[in-house]
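Contents: one structure, followed by commentary.
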Amino acid sequence: MRAANLRNKLLGWYDSNRRDLPWRRSRDPYRILVSEVMLQQTRVETVLPYYERFLRLFPSAESLAAARPRKVLAAWAGLGYYRRARALHAAARAIRAAGFPSTYDGLLELPGVGPYTAAAVASIAFGRPHAVFDGNVRRVISRLFAARDGFRARTQTLLDPARPGDFNQAMMELGAVVCLPRQPRCEACPLRRHCAASRDGRIEQFPAPKAKAASQCIELRLAVVERDGKVLMTPPDAGGDSLWPGFWTLPQLPVAGIAPAEPLGRFRHTVTFRRITVAAFRARLAPQAGKRLAARGFRFVSAAQMAGLPVSTPTRKALALVARRCFLPRHS
């Protein structure tokens, strides 16, 4: 196939069919960086409300750099993969200190920025000729060439040097809405005539499936202890659940001085390869236990206070199980 012909067809399709997404309305590298970090392993529909809220709170790298870590985590709460939030915060501080890098290699120096994110920001914000490579692009290239290797090199060869940012977004868009993992919409694909896998009737054979990580099953027992309209919480770095570092959580049983009194319910929570089963209990404090727990960092927290704190998703779900009461505002 001729690369120029393929580029023209793909970009023509993208210009006419691309989704109107907020991060596509600006070439501001900070906004693009935020979107790319949020979109890692997370669906567009999930990211949209978080992205817009995050930028209202932190409209620039400088404002994000100046924010306290707990404010950043609170804004990210519910989006998952919290290492991304910490890395983005660290990257903003690096940008405040040295300016926003405009090259691929410079972007790679930012905390938490890998080859994919560096290529995305470099191409979209600065017009640098670096091809992005994610799961969507891998699937498109694998089917286009009926290939099982050499994806990155093929993607870089096809990249349009005149419109690298648009080409990268077009490839990702094609994989996201047309070249789907299952039941791809080949009839709507602008590259169908060039696609070797479609021509050979082997579209479902590409790409080869990746080996899945073994699932890890975890069971948690969380205690809801109420007093004067407040609930007992474990602050970050005070003996809380290590699965959510930096977040406030309910006490995880067993805890000396906390006795479960009434089952509230059970639910499941999945984080990447972890399958977490949570049992929540209304609980009570033993006499004199309050002072001992306070000395260890446990705190009674009100709903108003929780609204501004980073609170783990299982904690939010457990609190919502309390009949007709929710200690936290509903998360949009």
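Chain lettering (A, B, ...) mirrors the order of the structure tokens, residue numbering begins at 1 for each chain separately, and ligand numbering begins at 1 in order of display.
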
| request: Can you pull out every residue within 6 Å of stretch 256-273 of chain A, counting only C-alpha atoms, but drop anything in the same chain fewer than 6 positions away, and send it as number ranges by chain? | output: A: 215, 279-286, 289

key: Spatial neighbours of stretch 117-134 of chain A, 8 Å, only C-alpha atoms, chain gap at least 4 places, as number ranges by chain   = A: 27-29, 32-33, 36-37, 102-105, 107-108, 113, 138, 152, 155-156, 159-161, 163-166, 168, 172

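Atom CA of A:Arg96 is positioned 25.6 Å from atom CA of A:Leu48.
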
TODO: Identify, on the basis of only C-alpha atoms, every residue whose closest approach to stretch 176-190 of chain A does not exceed 8 Å; exclude the query and any residue fewer than 5 positions from it along the same chain; express the result as an MDAnalysis selection string.
DONE: chainID A and resid 9:10 13 136 139:140 198 204

Export, as a tab-separated table (two decimals), in the first residue's frame, the selected residues with C-alpha atoms.
chain	number	residue	atom	x	y	z
A	9	LYS	CA	-7.94	8.36	3.70
A	10	LEU	CA	-7.44	8.10	7.44
A	13	TRP	CA	-12.21	10.12	7.75
A	136	ASN	CA	-6.02	0.66	19.87
A	139	ARG	CA	-4.96	-3.58	16.95
A	140	VAL	CA	-5.28	-1.37	13.83
A	198	SER	CA	-10.07	-8.19	6.37
A	204	GLU	CA	-10.61	-11.99	14.52

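Using only C-alpha atoms for every distance, the candidate list A:Leu64, A:Leu6, A:Met171, A:Val311 yields A:Val311 as the residue closest to A:Trp244.
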
- Message: What parts of stretch 6-82 of chain A does DSSP call helix (DSSP H, G or I)? I'd like the answer as number ranges by chain.
- Response: A: 6-17, 22-24, 29-38, 44-57, 61-66, 69-76

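Among the candidate residues A:Leu309, A:Ala294, A:Ala94, A:Ala318, the one lying nearest to A:Ala223 is A:Ala318, with distances computed using only C-alpha atoms.
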
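Coordinates place atom CA of A:Thr234 at a distance of 5.3 Å from atom CA of A:Thr249.
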
- request: Write out as a PyMOL selection string all residues of stretch 32-270 of chain A that DSSP puts in strand (DSSP E or B) for this structure's backbone.
  value: chain A and resi 216-224+226-227+230-234+248-249+252+258-270

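Atom pair atom CA of A:Arg68 / atom CA of A:Leu88 has a distance of 12.7 Å (rounded to one decimal).
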
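Distance check against A:Val224 using only C-alpha atoms: of A:Ala162, A:Lys291, A:Ala146, A:Thr315, the minimum falls on A:Thr315.
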
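Residue neighbourhood of A:Arg274, excluding near-sequence residues (fewer than 5 positions): Ser215, Gln216, Cys217 and Ile218 of chain A, at 8 Å, using only C-alpha atoms.
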